[in-house]
Amino acid sequence: MIFGALAVAAGLASCNDALNVKNPNNQTTYDFGNTESDLQEAVIACYNRIRLEGTFARVGYTMDAVRGDEVWNASQVWYLPYDNLNSLNTDEIGNQWIWRDCYHVVNRCNYVLSKVDVALKPGSDSYNEIKGQALFLRALAYYELATYYQRVPLFIDYAQYSSLETMYAANVDQDTVFDQIDADLLEAMSLLPSRDKGGEWAKGRATCGSAAGYLARSYMFRHRFEEAYTVLKDIIAGKYGNYDLMPDYGDNFKEGAEFENNKESLFEVQFMDYGTGGPDDEWTPVNISSNASQGHAVESNYGPADFGSWADLAASPWLYNLFRAETCTDGRLDPRLYWTLCTYEPEYDSYTGAKTAAYPGGDPRCNKVYTEEITASPVSNKANGGIAIAKFTNARNNLYRDIVCGLKCGVNLRLMRFSDVLLRAAECENEINGPTDVAIEYINRVRRRVALPDLEKKDFPSADALFEQIANVERPKEFGCENGRGIDLIRWGFFYDEARLQQISQHSAYRRDGLPSTGEVSLEEADDYSYKYYNPGHEYFPIAQSTLNANQNLSGNSANENHDNGEEFLAKWNVRPVVQLNR
């Protein structure tokens, strides 16, 4: 009996030893991340989170466009509270998804940063590259959070998640968030290689040029024009890699290795080319699939309903007519109209070889080949009409005719292009020195790419006049319907000045007539306009009530409190007055 008991005890002891063996396929955050190969995988996982619904795969990208004056909610349903800037804190898509997915990026970057100083030798190439990328991506996520939600919790230490006392953090003010963004980007600039030195490695990754570009954006949001201008001039001079404008504007909105990550791109979100991914849509952080499509759904919102989109968003007639207001030196329309909006213009065949409005044909890869010419502008939404948006869709790429809604579009989203560097440099020069030949030349470099006539300094007698040209002519035509216009309107203070609010209301006026209405629409003639129902403070989106309930340390922002930010803005900065330009 005694020997039997001992044998059983010995057997149990040996079983217990076996149970303590670690399964290499079931690693924890403690076990993982202690080698270079682990951290290389972890930093790729950080990039993966910027291509979700709430970051840049759909609403995280398009929400900023719809709160601007160039885009309106054609479906009159899904995005409507964000177009009207009066969303409730119970609305989900803007108040929860962007917040959720940006903090997923922050979490993964913090994990990498918690490991890199121990696992790798400081100063080594791998250390610099891994740490620099994590810092950039964290700054990118916080830039989105600060410009969407104003006041947010700041997590910069992975150890904060180990205690309930520190995990449920309070908001910090917007300046504190931007201070951290600046610090992360400055360090990333010192660590990351340029796109030139990075070579093949740098394609699709953050570089010191990416960090420099976003640092200039961060400085300009807080009107630190001299600091921003120094960075911008260094980018232009090639300090952070050689950038230039693509000769063909359209090359910035095509898919394929010959177009994406080109010399104009400072940073872009990578999506797999159409048809090369799997069948599964990976919308949220929990939809993890090895068969993910790895595309985006911006096209599903932007494209025309006639070709299968969800038809949620349309371009404003103001933007269309801005393109039509001046022609190129050879008499053609501005080619940026073709790449931005899905309208039909008879002149298109003179420089595209195709008399078409949108989705002209098909690629043999898709087993669809269409030869007919589509010469009627398709409506954005069949019920309400509107001008469909071509940018960052395949409307002009001749890959397919019918849109497959979901995360299928393979056109990389270029988050920052060299043309933005040039126009921001012009803005800074004008803010610091007034209208100068230097500022005009920065603008003309962008205009010459599309063969528009040069501007002349004599036509801009004041800094206010040149600012008007930059803000309401050059930037809308170069970046129309891209992410960033809403942020611009906030940093310029257009919501805090009655004349400016009236101006952007006019820009956003539209008709719900079931047609792709391209005629100019006055406020009196409009069926509606984006800021008719604007609640002060709702230029930012409210923090979701469910998030506030879960974290008692959080407080609401200006949108939660319907607080007008105008007094604080005007105590620090001025809003430039409206100037009538000779068009």
# chains A, B, ... in the order shown; residues from 1 in each chain; ligands from 1

$ residues_around --residues "stretch 384-391 of chain A" --least-positions-apart "5" --cutoff "6 Å" --atoms "only C-alpha atoms" --output "JSON, numbers by chain"
{"A": [302, 303, 304, 314, 315, 339, 340, 341, 342, 379, 512, 513, 514, 515, 516, 517]}

$ select_by_dssp --residues "stretch 401-505 of chain A" --states "helix (DSSP H, G or I)" --output "VMD selection string"
chain A and resid 418 to 433 437 to 449 457 to 459 463 to 479 485 to 491 494 to 496 498 to 505

$ closest_atom_pairs --of "stretch 144-178 of chain A" --to "stretch 41-65 of chain A" --cutoff "10 Å" --atoms "only C-alpha atoms" --output "tab-separated table"
residue	atom	partner	partner_atom	distance
A:Glu144	CA	A:Thr55	CA	8.2
A:Leu145	CA	A:Thr55	CA	9.9
A:Thr147	CA	A:Asp64	CA	9.1
A:Tyr148	CA	A:Asp64	CA	8.0

$ closest_residue --among "A:Tyr111, A:Tyr127, A:Tyr320, A:Phe32" --to "A:Ile156" --atoms "only C-alpha atoms"
A:Tyr111

$ residues_around --residues "stretch 418-425 of chain A" --least-positions-apart "2" --cutoff "7 Å" --atoms "only C-alpha atoms" --output "PyMOL selection string"
chain A and resi 229+232+243-245+264-266+416+427-429+442-443+446

$ select_by_dssp --residues "stretch 236-465 of chain A" --states "strand (DSSP E or B)" --output "ChimeraX atom specification"
/A:265-269,280,292,296,313-315,341,379-381,385-387,389,409,413-417

$ residues_around --residues "stretch 403-410 of chain A" --least-positions-apart "2" --cutoff "10 Å" --atoms "only C-alpha atoms" --output "NGL selection string"
:A and (51-53 or 57-58 or 254-256 or 270-283 or 292-301 or 303-310 or 359 or 392-395 or 400-401 or 412-413)

$ write_last_selection --atoms "C-alpha atoms" --output "short mmCIF file (atom, residue, chain, number, x, y, z; two decimals), in the first residue's frame"
data_model
loop_
_atom_site.label_atom_id
_atom_site.label_comp_id
_atom_site.auth_asym_id
_atom_site.auth_seq_id
_atom_site.Cartn_x
_atom_site.Cartn_y
_atom_site.Cartn_z
CA ARG A 51 -6.14 49.73 -41.75
CA LEU A 52 -9.26 49.08 -39.69
CA GLU A 53 -12.72 50.65 -39.97
CA ALA A 57 -10.24 51.71 -43.80
CA ARG A 58 -13.46 53.74 -43.88
CA LYS A 254 -3.86 54.51 -58.68
CA GLU A 255 -3.10 51.08 -57.29
CA GLY A 256 -0.07 48.99 -58.18
CA GLN A 270 -0.98 50.04 -47.49
CA PHE A 271 -3.82 48.00 -48.98
CA MET A 272 -3.55 44.92 -51.15
CA ASP A 273 -4.38 45.33 -54.83
CA TYR A 274 -7.90 44.47 -55.88
CA GLY A 275 -8.53 40.72 -56.03
CA THR A 276 -5.26 39.70 -54.40
CA GLY A 277 -6.52 39.39 -50.83
CA GLY A 278 -8.88 36.91 -49.29
CA PRO A 279 -12.69 36.99 -49.10
CA ASP A 280 -13.10 38.08 -45.46
CA ASP A 281 -13.74 41.69 -44.44
CA GLU A 282 -11.71 42.57 -41.34
CA TRP A 283 -13.71 45.50 -39.97
CA ALA A 292 -8.70 39.00 -44.85
CA SER A 293 -9.34 41.00 -48.02
CA GLN A 294 -6.91 43.70 -46.83
CA GLY A 295 -8.55 46.45 -48.84
CA HIS A 296 -10.47 49.56 -47.76
CA ALA A 297 -14.10 50.62 -48.01
CA VAL A 298 -13.66 54.33 -48.79
CA GLU A 299 -14.87 53.49 -52.30
CA SER A 300 -18.01 51.94 -50.82
CA ASN A 301 -18.91 55.41 -49.45
CA GLY A 303 -18.52 55.74 -55.42
CA PRO A 304 -21.83 56.22 -57.27
CA ALA A 305 -24.84 54.08 -56.38
CA ASP A 306 -25.33 53.29 -60.07
CA PHE A 307 -22.23 51.11 -59.88
CA GLY A 308 -22.96 49.43 -56.57
CA SER A 309 -21.68 51.65 -53.76
CA TRP A 310 -23.44 52.34 -50.46
CA TYR A 359 -15.92 53.07 -64.15
CA PHE A 392 -9.25 56.81 -53.78
CA THR A 393 -11.68 54.64 -55.71
CA ASN A 394 -11.27 52.67 -58.93
CA ALA A 395 -13.59 55.00 -60.82
CA TYR A 400 -13.85 46.91 -62.93
CA ARG A 401 -17.19 48.45 -63.62
CA ASN A 412 -3.38 53.01 -51.03
CA LEU A 413 -4.59 56.02 -49.06
#

$ closest_residue --among "A:Lys115, A:Arg448, A:Lys457, A:Lys477" --to "A:Arg324" --atoms "only C-alpha atoms"
A:Lys477

$ closest_atom_pairs --of "stretch 11-119 of chain A" --to "stretch 556-574 of chain A" --cutoff "10 Å" --atoms "only C-alpha atoms" --output "Markdown table"
| residue | atom | partner | partner_atom | distance |
| --- | --- | --- | --- | --- |
| A:Leu85 | CA | A:Ala559 | CA | 9.1 |
| A:Asn86 | CA | A:Ala559 | CA | 8.1 |
| A:Ser87 | CA | A:Ala559 | CA | 8.3 |
| A:Leu88 | CA | A:Asn560 | CA | 7.8 |
| A:Asn89 | CA | A:Asn560 | CA | 6.6 |

$ closest_residue --among "A:Ile432, A:Ile487, A:Leu399, A:Asn110" --to "A:Leu39" --atoms "only C-alpha atoms"
A:Asn110

$ decode --residues "stretch 18-136 of chain A" --atoms "C-alpha atoms" --output "PDB file, in the first residue's frame"
ATOM      1  CA  ALA A  18       4.817  18.169 -17.729  1.00  0.00           C
ATOM      2  CA  LEU A  19       1.964  20.620 -17.305  1.00  0.00           C
ATOM      3  CA  ASN A  20       4.468  23.421 -16.614  1.00  0.00           C
ATOM      4  CA  VAL A  21       6.020  23.078 -20.081  1.00  0.00           C
ATOM      5  CA  LYS A  22       5.343  26.285 -22.053  1.00  0.00           C
ATOM      6  CA  ASN A  23       3.471  25.946 -25.327  1.00  0.00           C
ATOM      7  CA  PRO A  24       5.468  27.898 -27.934  1.00  0.00           C
ATOM      8  CA  ASN A  25       2.250  28.428 -29.887  1.00  0.00           C
ATOM      9  CA  ASN A  26       0.512  30.124 -26.965  1.00  0.00           C
ATOM     10  CA  GLN A  27       2.848  32.951 -26.063  1.00  0.00           C
ATOM     11  CA  THR A  28       1.972  35.767 -23.685  1.00  0.00           C
ATOM     12  CA  THR A  29       2.963  39.403 -23.869  1.00  0.00           C
ATOM     13  CA  TYR A  30       5.565  38.596 -21.213  1.00  0.00           C
ATOM     14  CA  ASP A  31       7.187  35.815 -23.253  1.00  0.00           C
ATOM     15  CA  PHE A  32       6.922  37.536 -26.637  1.00  0.00           C
ATOM     16  CA  GLY A  33       8.883  40.577 -27.803  1.00  0.00           C
ATOM     17  CA  ASN A  34      12.263  39.699 -26.355  1.00  0.00           C
ATOM     18  CA  THR A  35      14.044  39.152 -29.677  1.00  0.00           C
ATOM     19  CA  GLU A  36      14.523  41.212 -32.816  1.00  0.00           C
ATOM     20  CA  SER A  37      12.366  38.859 -34.884  1.00  0.00           C
ATOM     21  CA  ASP A  38       9.547  39.141 -32.328  1.00  0.00           C
ATOM     22  CA  LEU A  39       9.669  42.922 -32.434  1.00  0.00           C
ATOM     23  CA  GLN A  40       9.762  43.006 -36.227  1.00  0.00           C
ATOM     24  CA  GLU A  41       6.516  41.042 -36.168  1.00  0.00           C
ATOM     25  CA  ALA A  42       5.085  43.284 -33.453  1.00  0.00           C
ATOM     26  CA  VAL A  43       5.719  46.488 -35.386  1.00  0.00           C
ATOM     27  CA  ILE A  44       3.976  45.008 -38.446  1.00  0.00           C
ATOM     28  CA  ALA A  45       1.030  44.324 -36.124  1.00  0.00           C
ATOM     29  CA  CYS A  46       1.029  48.066 -35.314  1.00  0.00           C
ATOM     30  CA  TYR A  47       0.696  48.894 -39.009  1.00  0.00           C
ATOM     31  CA  ASN A  48      -2.131  46.376 -39.264  1.00  0.00           C
ATOM     32  CA  ARG A  49      -4.267  48.449 -36.889  1.00  0.00           C
ATOM     33  CA  ILE A  50      -4.151  51.568 -39.090  1.00  0.00           C
ATOM     34  CA  ARG A  51      -6.139  49.733 -41.746  1.00  0.00           C
ATOM     35  CA  LEU A  52      -9.264  49.081 -39.693  1.00  0.00           C
ATOM     36  CA  GLU A  53     -12.723  50.651 -39.966  1.00  0.00           C
ATOM     37  CA  GLY A  54     -12.052  53.229 -37.268  1.00  0.00           C
ATOM     38  CA  THR A  55      -8.550  54.204 -38.346  1.00  0.00           C
ATOM     39  CA  PHE A  56      -8.318  54.552 -42.127  1.00  0.00           C
ATOM     40  CA  ALA A  57     -10.239  51.706 -43.803  1.00  0.00           C
ATOM     41  CA  ARG A  58     -13.459  53.737 -43.878  1.00  0.00           C
ATOM     42  CA  VAL A  59     -14.984  55.964 -41.194  1.00  0.00           C
ATOM     43  CA  GLY A  60     -11.658  56.964 -39.619  1.00  0.00           C
ATOM     44  CA  TYR A  61     -10.732  58.450 -42.998  1.00  0.00           C
ATOM     45  CA  THR A  62     -14.052  59.747 -44.306  1.00  0.00           C
ATOM     46  CA  MET A  63     -15.390  61.291 -41.081  1.00  0.00           C
ATOM     47  CA  ASP A  64     -13.000  64.198 -41.434  1.00  0.00           C
ATOM     48  CA  ALA A  65     -14.025  64.752 -45.044  1.00  0.00           C
ATOM     49  CA  VAL A  66     -17.740  64.791 -44.185  1.00  0.00           C
ATOM     50  CA  ARG A  67     -17.300  67.357 -41.395  1.00  0.00           C
ATOM     51  CA  GLY A  68     -15.605  69.604 -43.952  1.00  0.00           C
ATOM     52  CA  ASP A  69     -17.337  71.799 -46.534  1.00  0.00           C
ATOM     53  CA  GLU A  70     -16.416  69.733 -49.620  1.00  0.00           C
ATOM     54  CA  VAL A  71     -18.480  66.618 -48.814  1.00  0.00           C
ATOM     55  CA  TRP A  72     -22.099  66.094 -47.756  1.00  0.00           C
ATOM     56  CA  ASN A  73     -24.094  63.083 -46.583  1.00  0.00           C
ATOM     57  CA  ALA A  74     -25.957  61.985 -49.710  1.00  0.00           C
ATOM     58  CA  SER A  75     -27.654  59.027 -48.040  1.00  0.00           C
ATOM     59  CA  GLN A  76     -29.074  61.393 -45.393  1.00  0.00           C
ATOM     60  CA  VAL A  77     -28.749  58.559 -42.926  1.00  0.00           C
ATOM     61  CA  TRP A  78     -25.483  57.057 -41.805  1.00  0.00           C
ATOM     62  CA  TYR A  79     -23.135  60.033 -41.596  1.00  0.00           C
ATOM     63  CA  LEU A  80     -25.782  62.708 -41.145  1.00  0.00           C
ATOM     64  CA  PRO A  81     -25.029  63.738 -37.515  1.00  0.00           C
ATOM     65  CA  TYR A  82     -21.359  64.126 -38.428  1.00  0.00           C
ATOM     66  CA  ASP A  83     -22.123  66.126 -41.550  1.00  0.00           C
ATOM     67  CA  ASN A  84     -24.451  68.368 -39.534  1.00  0.00           C
ATOM     68  CA  LEU A  85     -21.971  68.477 -36.629  1.00  0.00           C
ATOM     69  CA  ASN A  86     -24.610  67.783 -34.018  1.00  0.00           C
ATOM     70  CA  SER A  87     -24.057  64.104 -33.184  1.00  0.00           C
ATOM     71  CA  LEU A  88     -25.215  62.730 -29.846  1.00  0.00           C
ATOM     72  CA  ASN A  89     -22.877  60.893 -27.511  1.00  0.00           C
ATOM     73  CA  THR A  90     -24.933  57.763 -28.137  1.00  0.00           C
ATOM     74  CA  ASP A  91     -24.091  57.690 -31.865  1.00  0.00           C
ATOM     75  CA  GLU A  92     -21.738  54.824 -32.505  1.00  0.00           C
ATOM     76  CA  ILE A  93     -19.781  55.106 -35.723  1.00  0.00           C
ATOM     77  CA  GLY A  94     -17.862  58.296 -35.006  1.00  0.00           C
ATOM     78  CA  ASN A  95     -17.910  58.310 -31.240  1.00  0.00           C
ATOM     79  CA  GLN A  96     -16.803  54.744 -30.611  1.00  0.00           C
ATOM     80  CA  TRP A  97     -15.128  53.178 -33.637  1.00  0.00           C
ATOM     81  CA  ILE A  98     -12.455  55.811 -34.237  1.00  0.00           C
ATOM     82  CA  TRP A  99     -11.690  55.997 -30.510  1.00  0.00           C
ATOM     83  CA  ARG A 100     -11.524  52.201 -30.195  1.00  0.00           C
ATOM     84  CA  ASP A 101      -9.291  51.531 -33.184  1.00  0.00           C
ATOM     85  CA  CYS A 102      -6.885  54.411 -32.584  1.00  0.00           C
ATOM     86  CA  TYR A 103      -6.302  53.160 -29.044  1.00  0.00           C
ATOM     87  CA  HIS A 104      -5.587  49.711 -30.469  1.00  0.00           C
ATOM     88  CA  VAL A 105      -2.749  51.341 -32.408  1.00  0.00           C
ATOM     89  CA  VAL A 106      -1.549  53.113 -29.248  1.00  0.00           C
ATOM     90  CA  ASN A 107      -1.644  49.873 -27.254  1.00  0.00           C
ATOM     91  CA  ARG A 108       0.424  47.912 -29.755  1.00  0.00           C
ATOM     92  CA  CYS A 109       2.957  50.716 -30.161  1.00  0.00           C
ATOM     93  CA  ASN A 110       3.312  51.012 -26.382  1.00  0.00           C
ATOM     94  CA  TYR A 111       3.973  47.275 -26.192  1.00  0.00           C
ATOM     95  CA  VAL A 112       6.800  47.543 -28.744  1.00  0.00           C
ATOM     96  CA  LEU A 113       8.262  50.534 -26.932  1.00  0.00           C
ATOM     97  CA  SER A 114       8.149  48.660 -23.611  1.00  0.00           C
ATOM     98  CA  LYS A 115      10.299  45.874 -25.059  1.00  0.00           C
ATOM     99  CA  VAL A 116      12.695  47.494 -27.496  1.00  0.00           C
ATOM    100  CA  ASP A 117      15.087  49.073 -24.974  1.00  0.00           C
ATOM    101  CA  VAL A 118      15.680  45.706 -23.319  1.00  0.00           C
ATOM    102  CA  ALA A 119      15.612  43.387 -26.322  1.00  0.00           C
ATOM    103  CA  LEU A 120      17.805  45.392 -28.708  1.00  0.00           C
ATOM    104  CA  LYS A 121      20.998  47.373 -28.545  1.00  0.00           C
ATOM    105  CA  PRO A 122      20.266  51.120 -28.512  1.00  0.00           C
ATOM    106  CA  GLY A 123      21.724  52.775 -31.583  1.00  0.00           C
ATOM    107  CA  SER A 124      21.659  49.659 -33.766  1.00  0.00           C
ATOM    108  CA  ASP A 125      19.809  49.861 -37.076  1.00  0.00           C
ATOM    109  CA  SER A 126      17.108  47.436 -35.955  1.00  0.00           C
ATOM    110  CA  TYR A 127      16.601  49.313 -32.686  1.00  0.00           C
ATOM    111  CA  ASN A 128      16.295  52.667 -34.467  1.00  0.00           C
ATOM    112  CA  GLU A 129      13.942  51.351 -37.121  1.00  0.00           C
ATOM    113  CA  ILE A 130      11.622  49.486 -34.754  1.00  0.00           C
ATOM    114  CA  LYS A 131      11.444  52.195 -32.125  1.00  0.00           C
ATOM    115  CA  GLY A 132      11.088  54.966 -34.700  1.00  0.00           C
ATOM    116  CA  GLN A 133       8.169  53.252 -36.424  1.00  0.00           C
ATOM    117  CA  ALA A 134       6.352  52.630 -33.145  1.00  0.00           C
ATOM    118  CA  LEU A 135       6.800  56.275 -32.126  1.00  0.00           C
ATOM    119  CA  PHE A 136       5.508  57.522 -35.478  1.00  0.00           C
TER     120      PHE A 136
END
